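Before any comments, here is the structure.
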Amino acid sequence: MSYTSSKMKHLLLAATVLSLPLNLFSQETPPFQDKLKVSGYIQMQYQHGEKDAMLKVGSGNEHADEAFGRLGVRRGRLKFVYEQHIASAVFQLDITEKGVGFRDAYLNLKDPWLKSSVLRAGVFDRPFGNEISYSSSRRESPERSTITQTLFPNERDLGIMLHLQADKKSPWSFLVLQAGLFSGNAINRDTDSRKDFIGRLFGTKKLDHIELGGGLSYYNGGVYQGTEKVYFMEGKNFVLDDNPDNKGKFAKREYVGADAQFSISTAIGKTALRAEYLFGQQPGLQESSASPNSSTLPAGDTYLRNFKGGYVILAQKIGVSPFSAVVKYDIVDPNTEVSGNEAGGNGTSKTDLKQTTLGFGGLWDANANLRLTAFYEINNYEKNNLPAANDLKRNVFTLRLQYKF
């Protein structure tokens, strides 16, 4: 056998071996495009704020004593879902003028028997309350409530979760139990060995033209103490615990939440009402009660505060027209031990003041894909004597055009 003939045989054999997986794939596996789903939405918006307002698009106010306006892409989401057999993978990107970032990156494994329960791992929505998982493309108000943004920055976290639900034929299939362990650091890198527990039990029921829902949620975790100084409330004052052993330990982070949803369709249109109430203990800093949202460990002194808050939102569709009216009220009291003029002494500050937001506006759903939102928010601190928080002008108007695909 000549060298050339032998070489040709080897090449033909190699080509056959390499093509075998492709042939098997094309014969036994559905095409790639049949298993991949792509969806998304883009929100282009204009915001006008009073001089002290914090807007969600653009940079801060360039004139401290004047109102200002900004244009921007609030959200530009692109979501990929690939599903095969009992497994699926989800990636969601956020593309705006600020750059490209990710929002979701997780996998699902269904139980192979009933296919109603799921193991989820990666970066995804925290299983707490209703508002976190209620998509921004569906939500009637431009943003989530203040308490949700404070306790759950970015809504998502890195973790692993069980989603347990009975078979659809079971009378208990309307109930869902979700429970998991999370890094407690939003979508940033995990920074410590401790993991936070989040659990939620909820259910929904449809009765003719009425839909009911509700749930209970619980969060138990910790926040790293960056120094030996830990302040806790005693009466109306912060009291210092400066035990050297405090540094490197974890301050308790504990939330309890209840949520309810109700909707009914009548001759005047669909009426939807949703509400949540939360309370618990939040470790923070003197100047902030927000939860960790960084790839580095907290470095400041720890301040422990008991909090409470929530929201209620009413959306009324106007008959069979494409228009809806919306009213929302949310409140957050970051320190239930002090109020009003009591803030500012003995370690307390602007951070400890109660905040309220009253919002109202309208929606025009031109079709299934296109929505126009106009919404005005009145933002207030409770009355106080602090120069940094007294008589602030923080109201915001939002005009948003959204396209969903």
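Order determines the names: the first chain of the structure tokens is A, the second B, and so forth; residues in each chain are numbered 1 upward, and ligands are numbered 1 upward as they are shown.
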List as a CSV table (one decimal) with N, CA and C atoms, in the first residue's frame the protein and nucleic acid residues near Asp330 in chain A, meaning an atom at most 6 Å away when only C-alpha atoms are counted, but skip any in the same chain fewer than 6 places from it.
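Listed below is the output, around_15.csv:
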```csv
chain,number,residue,atom,x,y,z
A,310,GLY,N,-43.3,48.8,54.1
A,310,GLY,CA,-44.0,48.0,53.1
A,310,GLY,C,-44.6,48.9,52.0
A,311,TYR,N,-45.5,48.4,51.3
A,311,TYR,CA,-46.2,49.2,50.2
A,311,TYR,C,-47.5,48.6,49.9
A,356,THR,N,-41.5,58.2,53.2
A,356,THR,CA,-42.7,57.8,52.5
A,356,THR,C,-42.6,58.2,51.0
A,357,THR,N,-43.3,57.5,50.2
A,357,THR,CA,-43.4,57.8,48.8
A,357,THR,C,-44.9,57.6,48.3
```
Practice task
List every residue of range 163-276 of chain A that DSSP, applied to the backbone of this structure, places in strand (DSSP E or B), and write the result as a VMD selection string.
Solution key: chain A and resid 163 to 165 175 to 182 196 to 207 210 to 224 230 to 234 237 to 241 250 to 266 269 to 276
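Neighbours of Val90 in chain A closer than or equal to 8 Å, with only C-alpha atoms counted and sequence neighbours fewer than 6 positions away skipped, come out as A:Lys79, A:Phe80, A:Val81, A:Tyr82, A:Asp104, A:Ala105, A:Tyr106, A:Leu107.
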With N, CA and C atoms retained, could you export that selection as a tab-separated table (two decimals), in the first residue's frame?
```
chain	number	residue	atom	x	y	z
A	79	LYS	N	-32.78	38.10	27.37
A	79	LYS	CA	-32.82	36.86	28.16
A	79	LYS	C	-32.76	35.64	27.24
A	80	PHE	N	-31.88	34.70	27.60
A	80	PHE	CA	-31.73	33.45	26.86
A	80	PHE	C	-32.09	32.30	27.79
A	81	VAL	N	-32.97	31.42	27.32
A	81	VAL	CA	-33.34	30.22	28.07
A	81	VAL	C	-33.14	29.01	27.16
A	82	TYR	N	-32.30	28.10	27.58
A	82	TYR	CA	-32.05	26.87	26.82
A	82	TYR	C	-32.51	25.70	27.67
A	104	ASP	N	-29.13	37.69	35.37
A	104	ASP	CA	-29.40	36.30	35.75
A	104	ASP	C	-28.36	35.40	35.12
A	105	ALA	N	-27.98	34.36	35.85
A	105	ALA	CA	-27.11	33.31	35.33
A	105	ALA	C	-27.31	32.09	36.23
A	106	TYR	N	-28.25	31.24	35.83
A	106	TYR	CA	-28.55	30.10	36.70
A	106	TYR	C	-29.01	28.90	35.88
A	107	LEU	N	-29.01	27.75	36.56
A	107	LEU	CA	-29.50	26.52	35.95
A	107	LEU	C	-30.63	25.96	36.79
```
Identify, on the basis of only C-alpha atoms, every residue whose closest approach to Ser289 in chain A does not exceed 10 Å; exclude the query and any residue fewer than 4 positions from it along the same chain; express the result as a PyMOL selection string.
chain A and resi 150-151+282-285+302-305+307+334-335+351-352
Taking C-alpha atoms for each residue, export the selection above as a PDB file, in the first residue's frame.
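The resulting file, part-v3.pdb, is reproduced below:
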```
ATOM      1  CA  THR A 150     -32.876  49.029  50.614  1.00  0.00           C
ATOM      2  CA  LEU A 151     -32.974  45.437  51.855  1.00  0.00           C
ATOM      3  CA  GLN A 282     -30.952  45.269  59.741  1.00  0.00           C
ATOM      4  CA  PRO A 283     -27.197  45.703  60.337  1.00  0.00           C
ATOM      5  CA  GLY A 284     -25.881  48.780  58.567  1.00  0.00           C
ATOM      6  CA  LEU A 285     -23.570  51.758  58.864  1.00  0.00           C
ATOM      7  CA  THR A 302     -21.824  48.306  62.604  1.00  0.00           C
ATOM      8  CA  TYR A 303     -25.174  49.866  63.538  1.00  0.00           C
ATOM      9  CA  LEU A 304     -28.058  47.551  64.439  1.00  0.00           C
ATOM     10  CA  ARG A 305     -31.557  48.838  63.723  1.00  0.00           C
ATOM     11  CA  PHE A 307     -37.053  48.341  60.913  1.00  0.00           C
ATOM     12  CA  PRO A 334     -35.293  52.124  59.179  1.00  0.00           C
ATOM     13  CA  ASN A 335     -35.189  52.655  62.961  1.00  0.00           C
ATOM     14  CA  THR A 351     -30.405  57.391  58.121  1.00  0.00           C
ATOM     15  CA  ASP A 352     -32.820  56.730  60.999  1.00  0.00           C
TER      16      ASP A 352
END
```
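Distances from A:Trp364, A:Tyr224, A:Tyr218, A:Trp172 to Arg194 in chain A were compared using only C-alpha atoms, and the smallest one belongs to A:Tyr224.
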*asked:* as number ranges by chain, please: the residues near Gly129 in chain A (cut-off 8 Å, only C-alpha atoms, same-chain neighbours under 3 positions excluded).
replied: A: 132-133, 200, 215-217, 257-259, 276
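For the residues A:Thr204, A:Ser288, A:Asn220, A:Thr336, ranking by smallest atom-to-atom distance to Phe262 in chain A using only C-alpha atoms places A:Thr204 first.
Among the candidates A:Val320, A:Met54, A:Leu240, A:Val176, the residue lying nearest to Gly213 in chain A is A:Val176 (atoms considered: only C-alpha atoms).
Residues lying within 12 Å of Asn367 in chain A, counting only C-alpha atoms and ignoring same-chain neighbours fewer than 5 positions away, are Ser321, Pro322, Phe323, Leu372, Gln402, Tyr403, Lys404 and Phe405 of chain A.
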In terms of only C-alpha atoms, the residue from A:Tyr381, A:Phe182, A:Trp113, A:Phe128 at minimal distance from Tyr277 in chain A is A:Phe128
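Proximity of A:Val230, A:Ile147, A:Ala366, A:Ala343 to Leu278 in chain A, computed with only C-alpha atoms, is greatest for A:Ile147.
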